[in-house]
Amino acid sequence: MGIQGMELCAVAVVIMLFIAVLKQFGILEPMSMEDSSDSDFELEAVRHQPEGLDQLQALTKFTKKELQSLYRGFKNECPSGLVNEETFKLIYAQFFPQGDATMYAHFLFNAFDMDQTGAIRFEDFVIGLSILLRGTVHEKLNWAFNLYDINKDGYITKEEMLAIMKSIYDMMGRYTHPILREDAPIEHVEKFFQKMDRNRDGVVTIEEFLETCQKDENIMSSMQLFENVI
Amino acid sequence: MAAGVAAWLPFARAAAIGWMPVANCPMPLAPTDKNKRQDELIILNVSGRRFQTWRTTLERYPDTLLGSTEKEFFFNEDTKEYFFDRDPEVFRCILNFYRTGKLHYPRYECISAYDEELAFYGILPEIIGDCCYEEYKDRKRENAERLMDDNDSENNQEGSMPSLNFRETMWRAFENPHTSTLALVFYYVTGFFIAVSVITNVVETVPCGTVPGNKELPCGERYAVAFFCLDTACVMIFTVEYLLRLFAAPSRYRFMRSVMSIIDVVAIMPYYIGLVMTDNEDVSGAFVTLRVFRVFRIFKFSRHSQGLRILGYTLKSCASELGFLLFSLTMAIIIFATVMFYAEKGSSASKFTSIPASFWYTIVTMTTLGYGDMVPKTIAGKIFGSICSLSGVLVIALPVPVIVSNFSRIYHQNQRADKRRAQKKARLARIRVAKTGSSNAYLHSKRNGLLNEALELTGSTDDEQHISKSTSLIESQHHHLLHCLEKTTNHEFIDEQLFEQNCMDSSMQNYPSTRSPSLSSQQGLTTSCCSRRNKKTTHLPNSSVPATRLRSMQELSTIHIQCSEQPSLTTSRSSLNMKSDDGLRPNCKASQITTAIISIPTPPVLTPEGESRPPPGSPSHATNISTASSNIVKVSAL
């Protein structure tokens with residue numbers, strides 16, 4: 001019995017070796033693996049050049065010099081002219097080393113990427129910045145509403161707000177004083193809705209949002225805070 | 001924060017507006033940029049090559065030279081640019097650091113030049129990027145080794161001057177046979193006896209012809225006495241050598257623990273144990289085994305051969321690779337032995353009686369030896385046997401290149417060290433020549449300077465032109481500095497030969513040197529105050545002699561000049577001149593000459609060989625001399 005068993009094994013081993021040799025010659029092709037790097041390559045190969053300086057000046061409220069300085073910083077970090085979400089998250093995360101800024105960066109990305117292409121071009125970037133830094137309070141509040149409204153349906157639901165709030169609290173990280181409790185975002189959302197939701201229908205519309213914010217002094221003053229950033 | 005990302009800070013701040021409606025408390029005030037000015041281009045002129053960058057780029061790193069106000073020191077008002085007289089090639093890397101936040105180290109650059117530039121611009125080398133850090137560290141380590149090597153050798157060279165005690169000399173002779181002929185002789189003698197001992201051991205076992213009775217005897221038993229004598233001689237030499245090394249070793253405990261000494265002990269022990277145990281029959285078997293240890297004498301050759309040492313060191317450093325090789329071989333042996341055993345179990349009269357018995361087959365096959373004493377007979381056995389031999393080649397071939405590369409690396413390191421040592425002599429000679437060149441230049445210029453001044457004062461201008469142009473401004477400033485040092489310390493620089501001559505002379509002739517203190521007062525009167533002090537305080541022959549020597553040379557040179565002015569005293573002078581031409585003179589004559597200077601205006605008062613009692617009128621003489629031959633005073637007061 002044992003002898004035949006061994007011979008069987010020997011024959012099996014020989015066959016396996018034979019197959020290995022054949023594979024080398026390419027006669028038997030195994031299932032080739034998909035190159036996953038192709039998809040990435042697409043984005044890298046694409047380059048984007050922004051609109052001319054004059055057009056951008058017309059679109060935004062920046063001066064030529066400011067646009068130049070902005071573009072230099074933009075191009076330094078993203079030589080291809082396009083910022084995809086990964087790069088955006090990386091850049092934004094550098095400013096918040098203690099916490100996790102990826103979720104908030106995701107929402108920001110969606111807010112900047114107005115035509116939902118998946119990549120921010122310099123025009124999007126600079127238009128967004130123009131609103132934030134040089135726009136009227138009304139425009140800024142509009143932008144903020146856009147940020148909170150994740151699915152862009154015109155209403156901020158409690159879930160959307162909770163997601164936003166959580167992402168903001170995530171940026172704080174673990175080491176805070178006082179210790180961050182689990183329900184802190186939830187509480188915060190409750191307060192927000194109490195303030196904003198006038199008709200208590202569970203959602204905040206743009207009109208409610210604008211109305212409440214314009215009545216709140218804190219918010220109005222804080223909107224003017226970053227006037228001189230550039 | 002990376003430099004590039006800093007450009008996105010405005011964006012991050014702008015995006016913070018997204019938090020505002022959610023916040024419940026008022027926000028803190030934003031910091032205002034007081035010196036808000038438009039970003040401007042700065043021109044950095046590095047040795048003619050103009051680099052331009054934004055001011056804010058440079059200000060990203062405020063603790064470096066370019067980022068702080070320190071660069072204002074280099075601002076050129078006329079051209080409105082910052083001028084640095086440094087290497088433009090390295091500056092490229094440094095400016096890139098400001099631009100990209102990453103410092104790179106170019107491979108073609110010399111490590112010390114690069115370090116200097118970094119230090120100049122206030123950048124720490126630790127921030128070199130990961131891409132270049134390894135290279136940088138390697139080069140830095142090599143450079144440090146080279147410097148340490150040079151330092152050691154210099155110390156050794158200087159250390160050889162003071163005498164070591166007997167024990168230290170012996171140890172140095174043992175470790176480095178090239179230091180003295182005796183050490184070399186000892187080295188060769190021990191090498192010869194090691195060879196003799198090893199050959200003896202080998203020849204002992206050769207059959208040496210028959211003894212009546214048709215029994216073949218090995219030479220060892222036939223000429224037992226001769227071999228015994230040889231063995232005794234060798235062991236005695238080894239013992240003496242070991243004891244001498246033990247005596248000379250700076251740390252006896254460490255020496256006894258070292259590998260070489262253990263080998264020495266193991267090599268000579270069998271002999272002594274044999275001496276002790278010849279009468280005891282029971283342990284003679286063990287005694288025979290001990291003789292095997294005599295072969296360890298061959299390892300004593302590693303003191304004589306560097307290659308052997310390198311090999312040993314390589315094996316030690318490749319311990320992990322060798323261990324891996326052993327482990328993988330063991331695994332393969334066990335696997336294949338088991339397989340072969342079960343494959344060959346069925347065949348009749350199979351040599352594969354057990355798995356351990358198959359080990360021998362597996363080892364022989366995997367190392368492709370193939371003795372053929374054990375061969376598989378079944379088909380399965382043959383198949384597995386062939387797989388075994390094929391895989392054996394692979395398993396053994398894998399770790400071998402690692403060991404070889406290790407050996408090659410260590411060997412080349414050693415070669416580099418040897419090359420460094422070989423070139424060291426030339427290198428140090430070069431350094432020494434440069435050093436003595438500069439000091440000789442100073443002495444030379446001093447003498448020229450004396451002649452110069454004297455010529456000036458005596459009015460002959462043609463020679464003066466000839467001599468004065470030989471030194472550049474920097475040289476003359478340097479010489480002036482050295483002269484100030486001389487004046488400060490009341491000692492003078494002289495060259496090596498003079499110094500050694502003075503040492504020899506002073507040790508040989510103490511008599512004239514004792515005269516010098518008594519003469520010093522007279523000499524001092526005619527010379528500047530500093531030198532007078534010098535003469536009075538230094539009674540040691542060594543220190544005063546060089547001073548007097550050089551001063552006397554100064555006087556000699558002045559006499560030489562003087563003679564042309566006062567021909568009336570030529571006769572007495574001429575002899576002095578001849579003496580001055582000879583240059584190096586023992587102290588006594590020099591002092592005689594200087595006495596003569598004083599005596600010349602008043603010949604009857606002092607004779608050239610006269611007893612040197614400071615005559616009471618000597619101050620007046622001095623003043624006479626100082627007024628009449630003011631040249632002398634002036635020259636000495638240089």
# chains A, B, ... in the order shown; residues from 1 in each chain; ligands from 1
>>> interface_residues(of="chain A", to="chain B", cutoff="8 Å", atoms="only C-alpha atoms", output="JSON, numbers by chain")
{"A": [2, 3, 6, 7, 10, 70, 73, 74, 76, 77, 91, 92, 94, 95, 108, 129, 132, 133, 140, 143, 144, 147, 168, 192, 213, 218, 219, 222, 223, 225, 226, 228, 229, 230]}
>>> residues_around(residues="region 72-79 of chain B", least_positions_apart="4", cutoff="12 Å", atoms="only C-alpha atoms", output="PyMOL selection string")
chain B and resi 42-46+50+65-68+83-86
>>> select_by_dssp(residues="region 18-192 of chain A", states="strand (DSSP E)", output="PyMOL selection string")
chain A and resi 82-84+119-121+155-157
>>> write_last_selection(atoms="N, CA and C atoms", output="CSV table (one decimal), in the first residue's frame")
chain,number,residue,atom,x,y,z
A,82,LEU,N,-4.9,70.0,-10.7
A,82,LEU,CA,-6.1,69.5,-10.2
A,82,LEU,C,-5.9,68.9,-8.8
A,83,VAL,N,-6.9,69.2,-8.0
A,83,VAL,CA,-6.8,68.6,-6.6
A,83,VAL,C,-7.8,67.5,-6.5
A,84,ASN,N,-7.4,66.3,-6.3
A,84,ASN,CA,-8.4,65.3,-6.1
A,84,ASN,C,-8.6,65.1,-4.6
A,119,ALA,N,-12.7,66.5,-8.8
A,119,ALA,CA,-11.4,67.2,-8.6
A,119,ALA,C,-11.7,68.7,-8.6
A,120,ILE,N,-10.9,69.4,-7.8
A,120,ILE,CA,-11.1,70.8,-7.7
A,120,ILE,C,-10.0,71.5,-8.7
A,121,ARG,N,-10.6,72.3,-9.5
A,121,ARG,CA,-9.6,73.0,-10.4
A,121,ARG,C,-9.3,74.4,-9.7
A,155,TYR,N,-32.4,71.4,2.0
A,155,TYR,CA,-32.8,71.2,3.4
A,155,TYR,C,-31.6,70.6,4.2
A,156,ILE,N,-31.4,71.1,5.4
A,156,ILE,CA,-30.4,70.5,6.3
A,156,ILE,C,-31.2,69.6,7.3
A,157,THR,N,-31.0,68.3,7.2
A,157,THR,CA,-31.7,67.4,8.2
A,157,THR,C,-30.8,67.2,9.4
>>> select_by_dssp(residues="region 317-478 of chain B", states="helix (DSSP H, G or I)", output="number ranges by chain")
B: 317, 319-344, 355-366, 379-397, 400-458, 462-468, 473-478
>>> residues_around(residues="Leu103 (chain B)", least_positions_apart="4", cutoff="12 Å", atoms="only C-alpha atoms", output="PyMOL selection string")
chain B and resi 2-3+90-99+114+118+123-133+136
>>> write_last_selection(atoms="N, CA and C atoms", output="PDB file, in the first residue's frame")
ATOM      1  N   ALA B   2       4.954  71.557   6.339  1.00  0.00           N
ATOM      2  CA  ALA B   2       5.777  71.684   5.147  1.00  0.00           C
ATOM      3  C   ALA B   2       5.616  73.077   4.567  1.00  0.00           C
ATOM      4  N   ALA B   3       6.660  73.476   3.872  1.00  0.00           N
ATOM      5  CA  ALA B   3       6.665  74.844   3.352  1.00  0.00           C
ATOM      6  C   ALA B   3       5.548  75.030   2.344  1.00  0.00           C
ATOM      7  N   VAL B  90      26.341  74.555  -4.141  1.00  0.00           N
ATOM      8  CA  VAL B  90      25.690  74.091  -2.921  1.00  0.00           C
ATOM      9  C   VAL B  90      24.519  75.015  -2.590  1.00  0.00           C
ATOM     10  N   PHE B  91      24.635  76.273  -2.976  1.00  0.00           N
ATOM     11  CA  PHE B  91      23.563  77.213  -2.646  1.00  0.00           C
ATOM     12  C   PHE B  91      22.272  76.813  -3.320  1.00  0.00           C
ATOM     13  N   ARG B  92      22.421  76.156  -4.475  1.00  0.00           N
ATOM     14  CA  ARG B  92      21.234  75.680  -5.178  1.00  0.00           C
ATOM     15  C   ARG B  92      20.430  74.761  -4.279  1.00  0.00           C
ATOM     16  N   CYS B  93      21.140  73.800  -3.641  1.00  0.00           N
ATOM     17  CA  CYS B  93      20.432  72.870  -2.756  1.00  0.00           C
ATOM     18  C   CYS B  93      19.788  73.599  -1.585  1.00  0.00           C
ATOM     19  N   ILE B  94      20.513  74.578  -1.074  1.00  0.00           N
ATOM     20  CA  ILE B  94      20.004  75.265   0.101  1.00  0.00           C
ATOM     21  C   ILE B  94      18.763  76.068  -0.251  1.00  0.00           C
ATOM     22  N   LEU B  95      18.773  76.708  -1.409  1.00  0.00           N
ATOM     23  CA  LEU B  95      17.599  77.493  -1.791  1.00  0.00           C
ATOM     24  C   LEU B  95      16.419  76.574  -2.072  1.00  0.00           C
ATOM     25  N   ASN B  96      16.704  75.409  -2.623  1.00  0.00           N
ATOM     26  CA  ASN B  96      15.633  74.446  -2.851  1.00  0.00           C
ATOM     27  C   ASN B  96      14.996  74.010  -1.551  1.00  0.00           C
ATOM     28  N   PHE B  97      15.809  73.991  -0.515  1.00  0.00           N
ATOM     29  CA  PHE B  97      15.258  73.641   0.788  1.00  0.00           C
ATOM     30  C   PHE B  97      14.184  74.643   1.198  1.00  0.00           C
ATOM     31  N   TYR B  98      14.456  75.906   0.952  1.00  0.00           N
ATOM     32  CA  TYR B  98      13.457  76.907   1.313  1.00  0.00           C
ATOM     33  C   TYR B  98      12.218  76.758   0.451  1.00  0.00           C
ATOM     34  N   ARG B  99      12.444  76.412  -0.784  1.00  0.00           N
ATOM     35  CA  ARG B  99      11.308  76.355  -1.707  1.00  0.00           C
ATOM     36  C   ARG B  99      10.433  75.150  -1.442  1.00  0.00           C
ATOM     37  N   TYR B 114      30.191  70.532   2.054  1.00  0.00           N
ATOM     38  CA  TYR B 114      28.743  70.636   2.238  1.00  0.00           C
ATOM     39  C   TYR B 114      28.401  71.008   3.675  1.00  0.00           C
ATOM     40  N   LEU B 118      26.390  74.291   5.076  1.00  0.00           N
ATOM     41  CA  LEU B 118      25.203  74.187   5.921  1.00  0.00           C
ATOM     42  C   LEU B 118      25.395  74.991   7.203  1.00  0.00           C
ATOM     43  N   ILE B 123      21.770  75.928   8.834  1.00  0.00           N
ATOM     44  CA  ILE B 123      20.814  74.842   8.645  1.00  0.00           C
ATOM     45  C   ILE B 123      21.389  73.590   9.288  1.00  0.00           C
ATOM     46  N   LEU B 124      20.546  72.914  10.058  1.00  0.00           N
ATOM     47  CA  LEU B 124      21.008  71.695  10.711  1.00  0.00           C
ATOM     48  C   LEU B 124      20.990  70.542   9.722  1.00  0.00           C
ATOM     49  N   PRO B 125      22.054  69.732   9.709  1.00  0.00           N
ATOM     50  CA  PRO B 125      22.062  68.626   8.742  1.00  0.00           C
ATOM     51  C   PRO B 125      21.014  67.575   9.026  1.00  0.00           C
ATOM     52  N   GLU B 126      20.439  67.592  10.239  1.00  0.00           N
ATOM     53  CA  GLU B 126      19.496  66.532  10.578  1.00  0.00           C
ATOM     54  C   GLU B 126      18.240  66.578   9.727  1.00  0.00           C
ATOM     55  N   ILE B 127      17.965  67.734   9.097  1.00  0.00           N
ATOM     56  CA  ILE B 127      16.705  67.817   8.356  1.00  0.00           C
ATOM     57  C   ILE B 127      16.865  67.368   6.905  1.00  0.00           C
ATOM     58  N   ILE B 128      18.008  66.778   6.608  1.00  0.00           N
ATOM     59  CA  ILE B 128      18.169  66.233   5.255  1.00  0.00           C
ATOM     60  C   ILE B 128      17.082  65.195   5.025  1.00  0.00           C
ATOM     61  N   GLY B 129      16.500  65.247   3.855  1.00  0.00           N
ATOM     62  CA  GLY B 129      15.370  64.365   3.577  1.00  0.00           C
ATOM     63  C   GLY B 129      15.769  62.898   3.595  1.00  0.00           C
ATOM     64  N   ASP B 130      14.779  62.047   3.750  1.00  0.00           N
ATOM     65  CA  ASP B 130      15.037  60.614   3.805  1.00  0.00           C
ATOM     66  C   ASP B 130      15.719  60.110   2.552  1.00  0.00           C
ATOM     67  N   CYS B 131      15.418  60.742   1.441  1.00  0.00           N
ATOM     68  CA  CYS B 131      15.986  60.244   0.184  1.00  0.00           C
ATOM     69  C   CYS B 131      17.503  60.329   0.178  1.00  0.00           C
ATOM     70  N   CYS B 132      18.053  61.330   0.868  1.00  0.00           N
ATOM     71  CA  CYS B 132      19.498  61.535   0.808  1.00  0.00           C
ATOM     72  C   CYS B 132      20.187  61.294   2.148  1.00  0.00           C
ATOM     73  N   TYR B 133      19.407  60.938   3.171  1.00  0.00           N
ATOM     74  CA  TYR B 133      20.007  60.912   4.500  1.00  0.00           C
ATOM     75  C   TYR B 133      21.025  59.796   4.639  1.00  0.00           C
ATOM     76  N   TYR B 136      24.298  60.651   3.069  1.00  0.00           N
ATOM     77  CA  TYR B 136      24.978  61.684   3.852  1.00  0.00           C
ATOM     78  C   TYR B 136      25.657  61.075   5.069  1.00  0.00           C
TER      79      TYR B 136
END
>>> closest_residue(among="B:Leu325, B:Leu290, B:Ile334, B:Leu246", to="Ala397 (chain B)", atoms="only C-alpha atoms")
B:Leu325
>>> residues_around(residues="Thr56 (chain B)", least_positions_apart="2", cutoff="9 Å", atoms="only C-alpha atoms", output="list of chain:residue names")
B:Asp39, B:Glu40, B:Leu41, B:Thr53, B:Trp54, B:Leu58, B:Glu59, B:Arg60, B:Gly67
>>> write_last_selection(atoms="N, CA, C and O atoms", output="short mmCIF file (atom, residue, chain, number, x, y, z; two decimals), in the first residue's frame")
data_model
loop_
_atom_site.label_atom_id
_atom_site.label_comp_id
_atom_site.auth_asym_id
_atom_site.auth_seq_id
_atom_site.Cartn_x
_atom_site.Cartn_y
_atom_site.Cartn_z
N ASP B 39 4.51 91.02 -1.25
CA ASP B 39 5.61 90.08 -1.36
C ASP B 39 6.58 90.55 -2.43
O ASP B 39 6.15 90.86 -3.55
N GLU B 40 7.83 90.64 -2.10
CA GLU B 40 8.78 91.17 -3.05
C GLU B 40 9.85 90.14 -3.38
O GLU B 40 10.13 89.24 -2.59
N LEU B 41 10.44 90.36 -4.52
CA LEU B 41 11.51 89.48 -4.97
C LEU B 41 12.82 89.92 -4.33
O LEU B 41 13.14 91.11 -4.30
N THR B 53 14.22 84.96 -5.38
CA THR B 53 13.10 84.26 -4.76
C THR B 53 12.25 85.29 -4.03
O THR B 53 12.65 86.43 -3.85
N TRP B 54 11.08 84.84 -3.59
CA TRP B 54 10.23 85.73 -2.84
C TRP B 54 10.76 85.86 -1.43
O TRP B 54 11.33 84.95 -0.87
N LEU B 58 11.89 82.79 1.84
CA LEU B 58 13.02 82.72 2.75
C LEU B 58 12.56 82.81 4.19
O LEU B 58 13.18 82.22 5.08
N GLU B 59 11.47 83.54 4.44
CA GLU B 59 11.07 83.74 5.83
C GLU B 59 10.34 82.54 6.39
O GLU B 59 9.92 82.59 7.55
N ARG B 60 10.23 81.48 5.65
CA ARG B 60 9.60 80.28 6.20
C ARG B 60 10.43 79.70 7.32
O ARG B 60 9.89 79.01 8.18
N GLY B 67 16.68 83.40 6.55
CA GLY B 67 15.33 83.70 6.98
C GLY B 67 15.25 84.77 8.04
O GLY B 67 14.18 85.26 8.35
#
>>> atom_distance(atom1="CA of Phe299 (chain B)", atom2="CA of Phe324 (chain B)")
26.4 Å
>>> residues_around(residues="Gln49 (chain A)", least_positions_apart="2", cutoff="9 Å", atoms="only C-alpha atoms", output="list in words")
Arg47, Glu51, Gly52, Ser80, Gly81, Leu82, Arg121 and Phe122 of chain A
>>> atom_distance(atom1="CA of Phe336 (chain B)", atom2="CA of Thr362 (chain B)")
6.5 Å
>>> closest_residue(among="A:Ala20, A:Met103, A:Val137, A:Cys9", to="Asp170 (chain A)", atoms="only C-alpha atoms")
A:Met103
>>> atom_distance(atom1="CA of Ile410 (chain B)", atom2="CA of Phe186 (chain B)")
29.1 Å
>>> residues_around(residues="Arg416 (chain B)", least_positions_apart="5", cutoff="12 Å", atoms="only C-alpha atoms", output="PDB file with all heavy atoms, in the first residue's frame")
ATOM      1  N   GLU B 142      32.597  57.919   6.983  1.00  0.00           N
ATOM      2  CA  GLU B 142      33.905  57.659   6.358  1.00  0.00           C
ATOM      3  C   GLU B 142      34.865  58.781   6.648  1.00  0.00           C
ATOM      4  O   GLU B 142      36.033  58.558   6.956  1.00  0.00           O
ATOM      5  CB  GLU B 142      33.719  57.554   4.847  1.00  0.00           C
ATOM      6  CG  GLU B 142      33.393  56.169   4.373  1.00  0.00           C
ATOM      7  CD  GLU B 142      33.240  56.163   2.850  1.00  0.00           C
ATOM      8  OE1 GLU B 142      34.022  56.853   2.186  1.00  0.00           O
ATOM      9  OE2 GLU B 142      32.335  55.479   2.393  1.00  0.00           O
ATOM     10  N   GLU B 145      36.095  58.637  10.150  1.00  0.00           N
ATOM     11  CA  GLU B 145      37.098  57.582  10.322  1.00  0.00           C
ATOM     12  C   GLU B 145      38.447  58.053   9.823  1.00  0.00           C
ATOM     13  O   GLU B 145      39.480  57.833  10.462  1.00  0.00           O
ATOM     14  CB  GLU B 145      36.699  56.343   9.517  1.00  0.00           C
ATOM     15  CG  GLU B 145      35.682  55.472  10.212  1.00  0.00           C
ATOM     16  CD  GLU B 145      35.237  54.353   9.297  1.00  0.00           C
ATOM     17  OE1 GLU B 145      35.937  54.087   8.298  1.00  0.00           O
ATOM     18  OE2 GLU B 145      34.204  53.765   9.580  1.00  0.00           O
ATOM     19  N   ARG B 146      38.412  58.710   8.676  1.00  0.00           N
ATOM     20  CA  ARG B 146      39.680  59.151   8.111  1.00  0.00           C
ATOM     21  C   ARG B 146      40.358  60.134   9.045  1.00  0.00           C
ATOM     22  O   ARG B 146      41.553  60.057   9.295  1.00  0.00           O
ATOM     23  CB  ARG B 146      39.420  59.791   6.744  1.00  0.00           C
ATOM     24  CG  ARG B 146      40.647  60.237   6.018  1.00  0.00           C
ATOM     25  CD  ARG B 146      40.273  60.934   4.727  1.00  0.00           C
ATOM     26  NE  ARG B 146      39.462  62.100   4.970  1.00  0.00           N
ATOM     27  CZ  ARG B 146      39.960  63.284   5.281  1.00  0.00           C
ATOM     28  NH1 ARG B 146      41.242  63.446   5.413  1.00  0.00           N
ATOM     29  NH2 ARG B 146      39.153  64.294   5.496  1.00  0.00           N
ATOM     30  N   ASP B 149      41.751  58.383  12.022  1.00  0.00           N
ATOM     31  CA  ASP B 149      42.956  57.666  11.637  1.00  0.00           C
ATOM     32  C   ASP B 149      44.159  58.590  11.616  1.00  0.00           C
ATOM     33  O   ASP B 149      45.207  58.279  12.174  1.00  0.00           O
ATOM     34  CB  ASP B 149      42.740  57.083  10.244  1.00  0.00           C
ATOM     35  CG  ASP B 149      43.278  55.681  10.168  1.00  0.00           C
ATOM     36  OD1 ASP B 149      43.461  55.068  11.232  1.00  0.00           O
ATOM     37  OD2 ASP B 149      43.550  55.226   9.056  1.00  0.00           O
ATOM     38  N   ARG B 409      33.164  43.224   1.250  1.00  0.00           N
ATOM     39  CA  ARG B 409      33.058  44.546   1.880  1.00  0.00           C
ATOM     40  C   ARG B 409      34.155  44.729   2.914  1.00  0.00           C
ATOM     41  O   ARG B 409      34.860  45.743   2.939  1.00  0.00           O
ATOM     42  CB  ARG B 409      31.680  44.684   2.518  1.00  0.00           C
ATOM     43  CG  ARG B 409      31.452  46.024   3.203  1.00  0.00           C
ATOM     44  CD  ARG B 409      30.050  46.116   3.763  1.00  0.00           C
ATOM     45  NE  ARG B 409      29.725  45.001   4.640  1.00  0.00           N
ATOM     46  CZ  ARG B 409      29.990  44.946   5.929  1.00  0.00           C
ATOM     47  NH1 ARG B 409      30.602  45.952   6.496  1.00  0.00           N
ATOM     48  NH2 ARG B 409      29.657  43.894   6.642  1.00  0.00           N
ATOM     49  N   ILE B 410      34.337  43.711   3.769  1.00  0.00           N
ATOM     50  CA  ILE B 410      35.342  43.838   4.823  1.00  0.00           C
ATOM     51  C   ILE B 410      36.736  43.890   4.223  1.00  0.00           C
ATOM     52  O   ILE B 410      37.602  44.647   4.662  1.00  0.00           O
ATOM     53  CB  ILE B 410      35.222  42.645   5.800  1.00  0.00           C
ATOM     54  CG1 ILE B 410      33.887  42.733   6.502  1.00  0.00           C
ATOM     55  CG2 ILE B 410      36.346  42.648   6.794  1.00  0.00           C
ATOM     56  CD1 ILE B 410      33.615  41.545   7.352  1.00  0.00           C
ATOM     57  N   TYR B 411      36.934  43.098   3.182  1.00  0.00           N
ATOM     58  CA  TYR B 411      38.247  43.086   2.553  1.00  0.00           C
ATOM     59  C   TYR B 411      38.570  44.450   1.966  1.00  0.00           C
ATOM     60  O   TYR B 411      39.681  44.961   2.103  1.00  0.00           O
ATOM     61  CB  TYR B 411      38.251  42.009   1.476  1.00  0.00           C
ATOM     62  CG  TYR B 411      39.552  41.870   0.748  1.00  0.00           C
ATOM     63  CD1 TYR B 411      40.669  41.360   1.392  1.00  0.00           C
ATOM     64  CD2 TYR B 411      39.679  42.267  -0.570  1.00  0.00           C
ATOM     65  CE1 TYR B 411      41.875  41.242   0.732  1.00  0.00           C
ATOM     66  CE2 TYR B 411      40.873  42.153  -1.229  1.00  0.00           C
ATOM     67  CZ  TYR B 411      41.967  41.640  -0.583  1.00  0.00           C
ATOM     68  OH  TYR B 411      43.152  41.538  -1.234  1.00  0.00           O
ATOM     69  N   ARG B 421      46.896  54.119   5.188  1.00  0.00           N
ATOM     70  CA  ARG B 421      48.112  54.087   5.974  1.00  0.00           C
ATOM     71  C   ARG B 421      49.319  54.296   5.079  1.00  0.00           C
ATOM     72  O   ARG B 421      50.268  54.976   5.454  1.00  0.00           O
ATOM     73  CB  ARG B 421      48.219  52.749   6.706  1.00  0.00           C
ATOM     74  CG  ARG B 421      48.167  52.894   8.203  1.00  0.00           C
ATOM     75  CD  ARG B 421      48.033  51.583   8.890  1.00  0.00           C
ATOM     76  NE  ARG B 421      46.653  51.142   8.968  1.00  0.00           N
ATOM     77  CZ  ARG B 421      46.275  49.882   8.872  1.00  0.00           C
ATOM     78  NH1 ARG B 421      47.141  48.938   8.709  1.00  0.00           N
ATOM     79  NH2 ARG B 421      45.008  49.558   8.945  1.00  0.00           N
ATOM     80  N   ALA B 422      49.278  53.726   3.893  1.00  0.00           N
ATOM     81  CA  ALA B 422      50.425  53.861   2.997  1.00  0.00           C
ATOM     82  C   ALA B 422      50.585  55.305   2.555  1.00  0.00           C
ATOM     83  O   ALA B 422      51.693  55.818   2.471  1.00  0.00           O
ATOM     84  CB  ALA B 422      50.248  52.963   1.776  1.00  0.00           C
ATOM     85  N   GLN B 423      49.418  55.949   2.292  1.00  0.00           N
ATOM     86  CA  GLN B 423      49.531  57.329   1.825  1.00  0.00           C
ATOM     87  C   GLN B 423      49.718  58.286   2.967  1.00  0.00           C
ATOM     88  O   GLN B 423      49.963  59.469   2.756  1.00  0.00           O
ATOM     89  CB  GLN B 423      48.253  57.715   1.077  1.00  0.00           C
ATOM     90  CG  GLN B 423      48.064  56.934  -0.189  1.00  0.00           C
ATOM     91  CD  GLN B 423      46.671  57.173  -0.748  1.00  0.00           C
ATOM     92  OE1 GLN B 423      45.769  57.602  -0.044  1.00  0.00           O
ATOM     93  NE2 GLN B 423      46.519  56.877  -2.021  1.00  0.00           N
ATOM     94  N   LYS B 424      49.560  57.765   4.189  1.00  0.00           N
ATOM     95  CA  LYS B 424      49.584  58.661   5.333  1.00  0.00           C
ATOM     96  C   LYS B 424      50.919  59.346   5.446  1.00  0.00           C
ATOM     97  O   LYS B 424      50.982  60.540   5.699  1.00  0.00           O
ATOM     98  CB  LYS B 424      49.295  57.852   6.588  1.00  0.00           C
ATOM     99  CG  LYS B 424      49.193  58.708   7.819  1.00  0.00           C
ATOM    100  CD  LYS B 424      48.617  57.931   8.961  1.00  0.00           C
ATOM    101  CE  LYS B 424      49.313  56.603   9.124  1.00  0.00           C
ATOM    102  NZ  LYS B 424      48.583  55.735  10.042  1.00  0.00           N
TER     103      LYS B 424
END
>>> closest_residue(among="A:Asp201, A:Tyr169, A:Val189, A:Gln4", to="Phe96 (chain A)", atoms="only C-alpha atoms")
A:Tyr169
>>> residues_around(residues="region 61-66 of chain A", least_positions_apart="4", cutoff="8 Å", atoms="only C-alpha atoms", output="PyMOL selection string")
chain A and resi 53+57+70+130+134-135+230
